[in-house]
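Peer 1: Take a look at this one; I'll ask things after.
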Amino acid sequence: MSHGVPALGIALLCGAGCVWYVPAVADLRAGADRPVSRRLGAAAVLTGWGTAALAVPLLLLATARGTAVLAAAGALATLALAVCSAVRRRNEQREAADRWALLRGERGPCGATEAAAGRPDDGRRAERAFLAWLVPGLVLAPCAGVAVLVTGGALTAQRIAVAAGAATVVEALFLTTAAIRAGAAAR
């Protein structure tokens, strides 16, 4: 099968994806009228669809390595923006809940809400922080290994070992970051 068939399929998919990226453009153009989390989410949407759109000419040029590198970089950037958006949205929701508690007069003597004075969900916050970094690592580690295998020449035992090492390093970085962030969230 020629590279024109998948390129045509991706182009048609990008055309049909306007229901996602047109509102995302509107959110970014609105600027400060939208919350930061929403703008980060819109940037993630546009990065993902932009990556798909940029893959079309690379497929037509029949550069498999370039397409694979672009897809991996686009997926990484999209995932990073989506995670940042989710974390920021969670913080914005927490701040809004604190403001509403203050307006309702539900503040305790120390300034904390009475329901959250001891922060009973601290363990859950730490768990969520851990998972927020572990899951992207589990997704990106195999992508790093595949990128190493795709960008090289013949498949040898040495290249497989390098790909496995790259995947291990990526996962170790995300696992270390997850442990640090979970420890910070538990405090």
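Starting from 1 in every chain, residues are counted up; chains themselves are A, B, ... following the order of the structure tokens, and ligands are numbered from 1 as listed.
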Can you tell me, as number ranges by chain, which residues in chain A count as alpha helix (DSSP H) by DSSP?
Peer 2: A: 4-16, 18-30, 36-60, 64-104, 122-151, 157-186
Peer 1: So that I can see what lies close to Arg159 of chain A, please list as a list of chain:residue names the residues with an atom at most 12 Å from it, counting only C-alpha atoms and leaving out residues fewer than 3 positions away in the same chain.
Peer 2: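 Here the qualifying residues turn out to be A:Gly145, A:Val146, A:Ala147, A:Val148, A:Leu149, A:Val150, A:Thr151, A:Gly152, A:Gly153, A:Ala154, A:Leu155, A:Thr156, A:Val162, A:Ala163, A:Ala164, A:Gly165, A:Ala166.
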Peer 1: Would you save the residues of that selection, restricted to N, CA and C atoms, as a CSV table (one decimal), in the first residue's frame?
Peer 2:
chain,number,residue,atom,x,y,z
A,145,GLY,N,11.0,3.5,23.4
A,145,GLY,CA,11.6,2.3,22.9
A,145,GLY,C,11.3,2.1,21.4
A,146,VAL,N,10.1,2.3,21.0
A,146,VAL,CA,9.7,2.2,19.6
A,146,VAL,C,10.4,3.2,18.7
A,147,ALA,N,10.5,4.5,19.3
A,147,ALA,CA,11.2,5.5,18.5
A,147,ALA,C,12.6,5.2,18.2
A,148,VAL,N,13.3,4.6,19.2
A,148,VAL,CA,14.7,4.1,19.0
A,148,VAL,C,14.7,3.0,17.9
A,149,LEU,N,13.8,2.1,18.0
A,149,LEU,CA,13.8,1.0,17.0
A,149,LEU,C,13.5,1.5,15.6
A,150,VAL,N,12.6,2.5,15.5
A,150,VAL,CA,12.1,3.0,14.2
A,150,VAL,C,13.2,3.8,13.5
A,151,THR,N,13.9,4.6,14.3
A,151,THR,CA,14.8,5.6,13.7
A,151,THR,C,16.2,5.0,13.3
A,152,GLY,N,16.4,3.7,13.6
A,152,GLY,CA,17.7,3.2,13.2
A,152,GLY,C,17.6,2.3,12.0
A,153,GLY,N,18.7,1.6,11.8
A,153,GLY,CA,18.7,0.7,10.6
A,153,GLY,C,18.2,-0.7,10.9
A,154,ALA,N,19.0,-1.7,10.7
A,154,ALA,CA,18.6,-3.1,10.9
A,154,ALA,C,18.3,-3.4,12.3
A,155,LEU,N,17.5,-4.3,12.6
A,155,LEU,CA,17.1,-4.7,13.9
A,155,LEU,C,18.1,-5.7,14.4
A,156,THR,N,18.9,-5.2,15.4
A,156,THR,CA,20.0,-6.1,16.0
A,156,THR,C,19.7,-6.2,17.5
A,162,VAL,N,19.3,-1.1,23.4
A,162,VAL,CA,19.3,0.4,23.5
A,162,VAL,C,17.9,0.9,23.7
A,163,ALA,N,17.0,0.3,22.9
A,163,ALA,CA,15.5,0.7,23.0
A,163,ALA,C,15.0,0.3,24.4
A,164,ALA,N,15.3,-0.8,24.9
A,164,ALA,CA,14.9,-1.2,26.2
A,164,ALA,C,15.5,-0.3,27.3
A,165,GLY,N,16.7,0.1,27.1
A,165,GLY,CA,17.3,1.0,28.0
A,165,GLY,C,16.7,2.4,28.0
A,166,ALA,N,16.3,2.9,26.8
A,166,ALA,CA,15.7,4.2,26.7
A,166,ALA,C,14.3,4.1,27.3
Peer 1: Could you list, with a cut-off of 6 Å and counting only C-alpha atoms, the residues of segment 62-98 of chain A near segment 41-48 of chain A, each shown with its nearest atom pair and the distance in Å rounded to one decimal, rows sorted by chain and ascending number, as JSON lines?
Peer 2:
{"residue": "A:Thr78", "atom": "CA", "partner": "A:Ala44", "partner_atom": "CA", "distance": 4.7}
{"residue": "A:Leu81", "atom": "CA", "partner": "A:Ala44", "partner_atom": "CA", "distance": 5.1}
{"residue": "A:Ala82", "atom": "CA", "partner": "A:Ala44", "partner_atom": "CA", "distance": 5.6}
{"residue": "A:Ser85", "atom": "CA", "partner": "A:Gly41", "partner_atom": "CA", "distance": 5.3}
Peer 1: Take the residues just selected and output them with all heavy atoms as a JSON list (two decimals), in the first residue's frame.
Peer 2:
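For reference, again05.json as written:
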[["chain", "number", "residue", "atom", "x", "y", "z"],
["A", 78, "THR", "N", 1.41, 16.72, 23.50],
["A", 78, "THR", "CA", -0.02, 16.71, 23.77],
["A", 78, "THR", "C", -0.30, 16.15, 25.16],
["A", 78, "THR", "O", -1.09, 16.71, 25.92],
["A", 78, "THR", "CB", -0.77, 15.88, 22.71],
["A", 78, "THR", "OG1", -0.51, 16.45, 21.43],
["A", 78, "THR", "CG2", -2.25, 15.84, 22.97],
["A", 81, "LEU", "N", 0.78, 18.67, 27.89],
["A", 81, "LEU", "CA", -0.18, 19.77, 28.02],
["A", 81, "LEU", "C", -1.48, 19.30, 28.67],
["A", 81, "LEU", "O", -2.07, 20.02, 29.48],
["A", 81, "LEU", "CB", -0.47, 20.39, 26.65],
["A", 81, "LEU", "CG", 0.63, 21.28, 26.08],
["A", 81, "LEU", "CD1", 0.37, 21.59, 24.63],
["A", 81, "LEU", "CD2", 0.74, 22.56, 26.89],
["A", 82, "ALA", "N", -1.93, 18.10, 28.33],
["A", 82, "ALA", "CA", -3.16, 17.58, 28.92],
["A", 82, "ALA", "C", -3.00, 17.34, 30.42],
["A", 82, "ALA", "O", -3.91, 17.64, 31.20],
["A", 82, "ALA", "CB", -3.58, 16.30, 28.21],
["A", 85, "SER", "N", -2.96, 20.65, 32.15],
["A", 85, "SER", "CA", -4.31, 21.19, 32.18],
["A", 85, "SER", "C", -5.13, 20.53, 33.29],
["A", 85, "SER", "O", -5.86, 21.21, 34.01],
["A", 85, "SER", "CB", -4.99, 20.97, 30.83],
["A", 85, "SER", "OG", -6.35, 21.32, 30.89]]
Peer 1: Please list as number ranges by chain every residue within 12 Å of segment 167-178 of chain A, counting only C-alpha atoms and excluding residues in the same chain fewer than 6 positions away.
Peer 2: A: 76, 80, 126-149, 160-161, 184-185
Peer 1: Would you pick out the contacts of segment 67-71 of chain A at 7 Å or less, using only C-alpha atoms, so that residues sharing its chain but fewer than 4 positions from it are not included, and give the list as a list in words?
Peer 2: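 Listed by chain and then number, they are Thr51, Ala55, Leu58, Leu59, Thr63, Ala75 and Ala147 of chain A.
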Peer 1: Just the selected residues (C-alpha atoms), exported as a tab-separated table (two decimals), in the first residue's frame, please.
Peer 2:
chain	number	residue	atom	x	y	z
A	51	THR	CA	0.65	16.81	14.75
A	55	ALA	CA	2.00	13.93	9.38
A	58	LEU	CA	5.55	13.64	5.71
A	59	LEU	CA	3.63	10.53	4.67
A	63	THR	CA	9.71	9.57	5.22
A	75	ALA	CA	2.09	12.71	21.41
A	147	ALA	CA	11.18	5.52	18.50
Peer 1: Which polymer residues have any atom within 12 Å of an atom of Pro6 of chain A, counting only C-alpha atoms, with same-chain residues fewer than 3 positions away left out, as a list in words?
Peer 2: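 That gives Met1, Ser2, His3, Gly9, Ile10, Ala11, Leu12, Leu13, Ala52, Ala53, Ala55, Val56, Pro57, Leu58, Leu59, Leu60, Ala62, Ala64 and Thr67 of chain A.
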Peer 1: Go ahead and dump the residues you just picked, N, CA, C and O atoms, as a CSV table (one decimal), in the first residue's frame.
Peer 2:
chain,number,residue,atom,x,y,z
A,1,MET,N,0.9,-1.2,0.0
A,1,MET,CA,0.0,0.0,0.0
A,1,MET,C,0.9,1.2,0.0
A,1,MET,O,1.9,1.3,0.7
A,2,SER,N,0.6,2.2,-0.8
A,2,SER,CA,1.4,3.4,-0.9
A,2,SER,C,1.1,4.3,0.3
A,2,SER,O,0.1,4.1,1.0
A,3,HIS,N,1.9,5.3,0.5
A,3,HIS,CA,1.8,6.2,1.7
A,3,HIS,C,0.7,7.2,1.4
A,3,HIS,O,0.2,7.9,2.4
A,9,GLY,N,-6.4,9.3,4.5
A,9,GLY,CA,-7.2,9.0,5.7
A,9,GLY,C,-7.0,10.0,6.8
A,9,GLY,O,-8.0,10.4,7.4
A,10,ILE,N,-5.7,10.3,7.1
A,10,ILE,CA,-5.4,11.3,8.1
A,10,ILE,C,-6.0,12.7,7.8
A,10,ILE,O,-6.5,13.4,8.6
A,11,ALA,N,-5.9,13.0,6.5
A,11,ALA,CA,-6.4,14.3,6.1
A,11,ALA,C,-7.9,14.4,6.3
A,11,ALA,O,-8.4,15.4,6.7
A,12,LEU,N,-8.6,13.3,5.9
A,12,LEU,CA,-10.0,13.3,6.1
A,12,LEU,C,-10.4,13.3,7.6
A,12,LEU,O,-11.4,14.0,8.0
A,13,LEU,N,-9.6,12.6,8.4
A,13,LEU,CA,-9.9,12.6,9.8
A,13,LEU,C,-9.7,14.0,10.4
A,13,LEU,O,-10.4,14.5,11.3
A,52,ALA,N,-1.2,15.6,13.8
A,52,ALA,CA,-1.8,14.7,12.8
A,52,ALA,C,-1.8,15.4,11.4
A,52,ALA,O,-1.5,14.7,10.4
A,53,ALA,N,-2.1,16.7,11.4
A,53,ALA,CA,-2.1,17.4,10.1
A,53,ALA,C,-0.7,17.5,9.5
A,53,ALA,O,-0.5,17.4,8.3
A,55,ALA,N,1.6,15.3,9.8
A,55,ALA,CA,2.0,13.9,9.4
A,55,ALA,C,1.6,13.7,7.9
A,55,ALA,O,2.3,12.9,7.3
A,56,VAL,N,0.6,14.4,7.4
A,56,VAL,CA,0.1,14.1,6.0
A,56,VAL,C,1.3,14.4,5.0
A,56,VAL,O,1.6,13.5,4.2
A,57,PRO,N,1.9,15.6,5.0
A,57,PRO,CA,2.9,15.8,4.0
A,57,PRO,C,4.1,14.9,4.2
A,57,PRO,O,4.8,14.5,3.3
A,58,LEU,N,4.4,14.6,5.5
A,58,LEU,CA,5.5,13.6,5.7
A,58,LEU,C,5.3,12.3,5.1
A,58,LEU,O,6.1,11.6,4.6
A,59,LEU,N,4.0,11.8,5.3
A,59,LEU,CA,3.6,10.5,4.7
A,59,LEU,C,3.7,10.6,3.1
A,59,LEU,O,4.1,9.6,2.5
A,60,LEU,N,3.3,11.7,2.6
A,60,LEU,CA,3.4,11.9,1.1
A,60,LEU,C,4.8,11.9,0.6
A,60,LEU,O,5.1,11.5,-0.5
A,62,ALA,N,7.0,10.1,2.0
A,62,ALA,CA,7.5,8.8,2.3
A,62,ALA,C,8.7,8.8,3.2
A,62,ALA,O,9.7,8.0,3.0
A,64,ALA,N,9.3,7.6,6.6
A,64,ALA,CA,8.7,6.9,7.7
A,64,ALA,C,9.4,7.3,9.1
A,64,ALA,O,8.7,7.5,10.1
A,67,THR,N,8.1,10.8,10.1
A,67,THR,CA,6.7,10.7,10.5
A,67,THR,C,6.6,10.1,11.9
A,67,THR,O,5.9,10.6,12.8
Peer 1: Could you jot down the atom CA of Cys14 of chain A to atom CA of Trp49 of chain A separation for me, Å, one decimal place?
Peer 2: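 Computed distance, atom CA of Cys14 of chain A to atom CA of Trp49 of chain A, equals 6.8 Å.
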